[in-house]
Each structure stands twice: as structure tokens, then as C-alpha cells.
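Here the structure is laid out as C-alpha cells; the discussion comes afterwards.
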Amino acid sequence: MRVIEIAMEIALPPTLLESVWNRYGFRPVRDVAMSTSVGGIGPLLRDRIFEQADKRIDVIGVSPLYETTWIQSWFDWGQLHLEKREVLPYLREFLKDTGLALPIAMYDGTVAQVHVWQASYGRASVYFLDCQPITHVVYPSEEDASSKQAKPVNWADELRYKQSWLIGRGTLALAKALDFAPDIVVMSETPTLLAHHRLVQDAFRGDAFFEKTHYIFNDHTPMEYAHPIWNKTTVTRMKIDISSYKPPASPADRGEIDITRLLVGLVEGVFGVSKKHGLVMQAMPSLRDFAGKIESITNGVKLDFWQAPEYRNAASLSDEELLKTQQRKKSELLDWVWRHYGLWHTWKEQVKGKAVVLWTRRITGYKRMDILWKLCKDPGLKRQFIEFDIVLLIGGRIHQHDDQAQTMIYNLLDLISGDPILQERIVLLDNFNVWMAPRLFHGADAAIMLADDGREASATGFMKGQVNGNIIIATDDGAIPESVVFAGRETAGQTANGFEVPYVNGHPTAEGLMRAFKALKQVLKNPVQQAAMIRAALAASPQVSIERTVAETVTLYERVLSQAPTASAVK
């Protein structure tokens, strides 16, 4: 079985990142790690490719190679600093030059010259398409335009179209250059839609090389920005064949094309990334008539990358040994944060013995970082937070065009900068990235996952916490219901491994978060309860493992391959 995984971001392998770290140090490796991984998709695709190869699937990955990345820094005086840095010189140094140069005919009549680089992902290879200036930065926006651009918004839209075309048609050109005729092409998120060879009116459309190729669409986000609507002018300009497209039955139909609906109708398989996400997709007005086609395969994480080795045989440890291990890992974490983030010389001693809780999520409105600001702004809640002796390590990434997220952070920084106690208890980690993330999960007491109801597709951060014995503080969204057992909601034979932040009219609240903090603090005072919850978290490892994800994915592949490839109206 030959499989191609395509995405706009595929996180770099740990060995490559360690090589950057060993040669260039802390700042460059953070920048490089951020360039190919914005949120959870990048690490997920990396883990999935590794695991498929381990299962002897002949899999390759394809993603753009980006020239720059946006970094972010938090300053003590309450300011957020965003800066774009060049990473391509580092990346080229640690990637293998394949020598392949692919001329890609673009939709606007130009020809883009693509240079191909390769990295080993265990038994698999991932190929990175280098085509400057098209592959300038992941998910470009008007902030990426030069000062000479008279219409930066239009420029950013056009660059996104070019990136979509490049990754789509570039993948097809690469497959032919490698003589890798795929049985399955998995397209993650809608920007990869143009990898479907029959969708575009160009030379690949009737290419016999892809005659037996089956296509699967993997949706990762229930948010509107991930499900674009294109007008017919754009569709025509992009040479997209819409003869198979049937508009949804809606009185509001204005002749526009729902790209997700177009893609779902054309592919042989569709899946969301948690059971709840699958249900959310099935209920979308534009996809309801495809509900029977939409499945779900819950995300997972590769234990080799995310779990501290000390927890591999936790079942053989006594409670006392388990808690000693957890305390040692926490001490190592605090020392690492103290050394690498320039905290004052007494900080590590000041926070010794306190609970360490991670809040490491991509920072955007529906993931509700604003709740922390509300908690700190309320005198009563703030007092309780301080009394509970909790240290929050905050890591996340803000898109350069997300004004709402930037405002949330500005508000939080304003409060923290004027309060010495909050400065001690809430530490914002610059440039959270896939290289540093495992170190955080290895030593934390707990990890947070909040989202407005139905807005989180899966979330994998909490999974990385569970495989390290982290107690999970979460809303009941995404994949949380599948492996987190909330205290007070156990059924027979279950042990709790998390605390719920309940919804109020579909939204988490600062009061709900504070109740979860209180429950956490009480458990951490009771060694028997703490050890039981750590064990219950670790017991979720088989459920959240990428092994389970890939086993279910292979079942989908086999079912899809039993079908004939879906032919469009193009003959």
C-alpha cells in the first residue's frame, strides 16, 4: 500500500531538531521548530507518518519548505513582541538535497520552479517543496506583505492560492518524479484540495499515473476559517472543475462554492479527528447530506516522542516510587524553565513545592485564554488562585493576523506586569514549539484544555499530558470525552484522571476553572489520591497512542481501497 500524506505543516523530526540545537543552540532550534508547526496538526502528521512507516506502510509526506517564521516574545512591562525571522538557511543545512527541480505550471500561466528537499521520518521520507517567494511563510496574511504592496490583503489571498496550488499540483509532479504511484492520498485541511488530480483542468487531470489513486480528506478544524467559500470567479481562475458539485439546499445560496463540500463529495473517504468532531461535521448545514460518508478517527501521539522513559513501566512502581519520580521530573522541568527563559535567580526556589500546571495551546479566541485574564482581574478569584499555590506555564502561538488573540494577551500581560506575585505564578514561555514541548509535559502536575463547546476538533496537548501522568483540567470537547474521566463522573471500575470545567451556555467560565484548581490542590495534598489519578492518566496511554490512531486509519484505507476511485464528470 502506497500512501501520500499532504499538509501545509508537518513538524520536523526530533533528531533533526536536536541536530540544530547541538550546533546552534536554543533560539535557532525554537525558530526552526516553529516554521513547520503552528498548532497540533504539524506534530500529529509527523507522528502519524512515523507510525505508518513502522507498520510497514509505504508512506511519504509532502509539505512546503518555509523561508521564515513568526516568533513572539513577552516582556515584563506588559508588551507582546512579534517578529518574523528567517529559518531557511538552518533548514537547508539539515535537510537532504534530492537534486529534484520540478517546474510547476501555475493557474496564472506562470511556471514555478520547485526545489525538493528530504528528511527521514524513521522508515519514511517527507519531502519539502522549496519555491521562494511562494513558500515564504506558513498561512500568510497581510502582515507578511512588503511595504511596497498597495493591496496587502489581496496579496496575502493570492499567496495562499499559490501555496494551495503548489502543494497540490507539486505533490502530483513529485509523485511522478519519484515514480511513486499512490494508492491513497490523504489531504489534511482544505488548502491541500488541489492534490486531487481530477479536480483541476490541467495536464494531471486525465493522467493515467493516478488512475488507481484513492483520495481521503482529513478535516482538523470545525472553525469557519478552515471551511472556505469561494466565488465562481475564483473557482474559474483556479481552473477547478465543479461539474460534480451540488450546492446545499439553502435559500441563502448565492452561487458560491463551499470548498469543503466540493471536496467531501469528490473523495472516497472523509474523517474528522475525534468522535465529537465527526458529529459536528455531520451536523454542518453544508455537509448534512454527506453525513453517512463522514467518519472519525481520533488523533493520537507517539509515545516514543512524548512520554518520559520513566513512565514506561509505571505499573511496576509503588505509589511512593511513582510520586518520587513525578517530583523529580517536576524539579527538572522547573530547572529547565528557569535556565532557558532568563527568570530571576530566586524564582526556582520561590515556586518549589507548588503545583505546576501547563496551559499550552494555540492562542485564539475559542480556546479561551481570556478566562485567565478574568480570573486574575477578579479580586476574589485571584486571591483563591494565589492561595492554591499554582504555577501556570503558558505556551502558545498567535497568528500574526489574529487581533483578538493579541488583545487577550495584551490584557493578561497588563495585569501580570503590575503584580509581583502573578509574575511569579504565571510564566509566559516565548515561542512555544514542538522541540521544547515534551520537556514541559514530562514534569507537570496537570494540563489544561479549554474550548467553547463544539469548537475544538480534537486537541492532542492533553494526550501528551496524560501519557506523562498529568491530571487534565478541561471542558468536555474534542477528544476529551474519549480518555478523560472527570472526578464525579466516574462509572463502575473507573478512576478519575481529570477535573471538568463545565460549560455555561456553551462556554467555560473563570469560576469553573477555579473550582477545578481547587480540586487539583486538594488531590495534590493526598498522596494516595494523587498516585491513583496519575495512574489513571497513564492508563489512558493505549487510547491516546498514535498506534491506535494508525490501526484505525489502516482499516479506513482498506475499506477505501475496496471501492473504485470516484470519477468526476471529466472523462
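Following the order of the C-alpha cells, first chain is A, next is B, and so on, with residues numbered from 1 inside each chain and ligands from 1 in the order they appear.
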What are the closest atom pairs, with distances in Å to one decimal, for each residue of segment 418-536 of chain A lying within 7 Å of segment 333-339 of chain A, using only C-alpha atoms, rows by chain and rising residue number, as CSV?
residue,atom,partner,partner_atom,distance
A:Arg439,CA,A:Leu333,CA,6.6
A:Leu440,CA,A:Leu333,CA,6.3
A:Gly443,CA,A:Leu333,CA,5.3
* In segment 123-201 of chain A, DSSP strand (DSSP E) residues written as a list of chain:residue names -> A:Ala124, A:Ser125, A:Val126, A:Tyr127, A:Phe128, A:Leu129, A:Asp130, A:Ile184, A:Val185, A:Val186, A:Met187, A:Ser188
* Structure fact -> With distances taken over only C-alpha atoms, the candidate from A:Gln132, A:Asn497, A:Gln423, A:Thr555 nearest Gln350 of chain A is A:Gln423
* Could you give me, as a count of residues only, the residues within 12 Å of Tyr139 of chain A, counting only C-alpha atoms and dropping anything in the same chain fewer than 3 positions from it? => 36
* To do: Give the answer as one residue: which of A:Glu211, A:Glu558, A:Asp258, A:Asp130 has the shortest atom-to-atom distance to Ala112 of chain A, using only C-alpha atoms?
  =>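 Smallest separation from Ala112 of chain A among the options: A:Asp130.
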* Asked: Which one is closest to Gly168 of chain A: A:Val62, A:Leu266, A:Asn231, A:Val137? Count only C-alpha atoms.
  ->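 That would be A:Val62, the residue with the smallest distance to Gly168 of chain A.
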With only C-alpha atoms counted and 10 Å as the cut-off, give the residues of segment 167-242 of chain A in contact with segment 281-284 of chain A, each with its shortest interatomic distance in Å and the pair that gives it, as JSON lines.
{"residue": "A:Asp219", "atom": "CA", "partner": "A:Met281", "partner_atom": "CA", "distance": 8.8}
{"residue": "A:Thr221", "atom": "CA", "partner": "A:Met281", "partner_atom": "CA", "distance": 9.4}
{"residue": "A:Pro222", "atom": "CA", "partner": "A:Met281", "partner_atom": "CA", "distance": 7.0}
Saved selection, atoms kept: all heavy atoms, as an mmCIF file, in the first residue's frame:
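What ended up in result.cif:
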data_model
loop_
_atom_site.group_PDB
_atom_site.id
_atom_site.type_symbol
_atom_site.label_atom_id
_atom_site.label_comp_id
_atom_site.auth_asym_id
_atom_site.auth_seq_id
_atom_site.Cartn_x
_atom_site.Cartn_y
_atom_site.Cartn_z
ATOM 1 N N ASP A 219 -10.251 16.308 7.860
ATOM 2 C CA ASP A 219 -10.555 17.638 8.408
ATOM 3 C C ASP A 219 -10.025 17.722 9.836
ATOM 4 O O ASP A 219 -10.110 16.755 10.593
ATOM 5 C CB ASP A 219 -12.062 17.863 8.394
ATOM 6 C CG ASP A 219 -12.433 19.284 8.781
ATOM 7 O OD1 ASP A 219 -12.180 20.184 7.978
ATOM 8 O OD2 ASP A 219 -12.955 19.475 9.898
ATOM 9 N N THR A 221 -10.409 20.929 11.751
ATOM 10 C CA THR A 221 -10.902 22.130 12.424
ATOM 11 C C THR A 221 -12.368 22.372 12.087
ATOM 12 O O THR A 221 -12.695 22.479 10.901
ATOM 13 C CB THR A 221 -10.084 23.374 11.994
ATOM 14 O OG1 THR A 221 -8.691 23.081 12.086
ATOM 15 C CG2 THR A 221 -10.412 24.570 12.865
ATOM 16 N N PRO A 222 -13.234 22.501 13.096
ATOM 17 C CA PRO A 222 -14.635 22.809 12.801
ATOM 18 C C PRO A 222 -14.901 24.301 12.618
ATOM 19 O O PRO A 222 -16.047 24.713 12.505
ATOM 20 C CB PRO A 222 -15.366 22.274 14.042
ATOM 21 C CG PRO A 222 -14.381 22.412 15.148
ATOM 22 C CD PRO A 222 -13.018 22.206 14.527
#
* To do: Could you find all residues in segment 171-293 of chain A that DSSP calls helix (DSSP H, G or I) from the backbone, and write them as number ranges by chain?
  => A: 171-178, 190-195, 208-210, 224-226, 232-237, 259-266, 275-283, 288-293
* Asked: At what distance in Å, to one decimal, does atom CA of Thr171 of chain A lie from atom CA of Gln113 of chain A?
  ->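 Result for atom CA of Gln113 of chain A versus atom CA of Thr171 of chain A: 13.3 Å, one decimal.
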* So how many Å separate atom CA of Phe180 of chain A and atom CA of His115 of chain A, to one decimal? -> 17.6 Å
* Using only C-alpha atoms, determine which residues lie at most 9 Å from Asp54 of chain A, disregarding the query and same-chain residues fewer than 2 positions distant; provide the list as a PyMOL selection string. => chain A and resi 49-52+56-57+122-124
* Looking at A:Met238, A:Ile216, A:Val544, A:Leu91, which one is nearest to Lys293 of chain A, with distances taken over only C-alpha atoms? ->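 Using only C-alpha atoms, the shortest distance to Lys293 of chain A belongs to A:Ile216.
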Give me the segment 430-461 of chain A side of the contact with segment 358-377 of chain A, cut-off 6 Å, one line per residue showing its nearest atom pair and distance in Å at one decimal, counting only C-alpha atoms, sorted by chain and residue number, as CSV.
residue,atom,partner,partner_atom,distance
A:Ala447,CA,A:Leu358,CA,4.6
A:Ile448,CA,A:Trp359,CA,5.2
A:Leu450,CA,A:Lys367,CA,5.6
A:Ala451,CA,A:Lys367,CA,4.4
A:Asp452,CA,A:Tyr366,CA,5.5
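Between Trp230 of chain A and the residues A:Arg261, A:Arg455, A:Lys276, A:Arg489, the shortest atom-to-atom distance, using only C-alpha atoms, involves A:Arg261.
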Which residues come within 9 Å of segment 539-542 of chain A, counting only C-alpha atoms, excluding same-chain residues fewer than 6 positions away, as a short mmCIF file (atom, residue, chain, number, x, y, z; two decimals) with C-alpha atoms, in the first residue's frame?
data_model
loop_
_atom_site.label_atom_id
_atom_site.label_comp_id
_atom_site.auth_asym_id
_atom_site.auth_seq_id
_atom_site.Cartn_x
_atom_site.Cartn_y
_atom_site.Cartn_z
CA LEU A 303 4.80 7.71 22.96
CA MET A 463 -2.92 13.49 25.37
CA GLN A 466 -1.89 12.01 30.03
CA VAL A 467 0.99 9.80 28.86
CA ASN A 468 3.13 11.60 31.46
CA GLY A 469 0.66 11.25 34.31
CA SER A 483 -9.90 9.30 27.51
CA VAL A 484 -10.52 11.79 30.33
CA ASN A 497 -7.91 11.35 35.83
CA ARG A 548 -4.40 3.07 17.94
#
* Nearest residue to Pro502 of chain A from the set A:Ala474, A:Ala519, A:Phe305, A:Leu17 (distances using only C-alpha atoms) ->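 Smallest separation from Pro502 of chain A among the options: A:Ala474.
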* To do: Extract, using only C-alpha atoms, all DNA, RNA and protein residues at most 12 Å from Leu172 of chain A, discarding same-chain residues fewer than 3 positions from it, and format them as number ranges by chain.
  => A: 4-6, 62, 102-105, 129, 165-169, 175-182, 185, 192-198, 200, 202-205, 207-210, 213
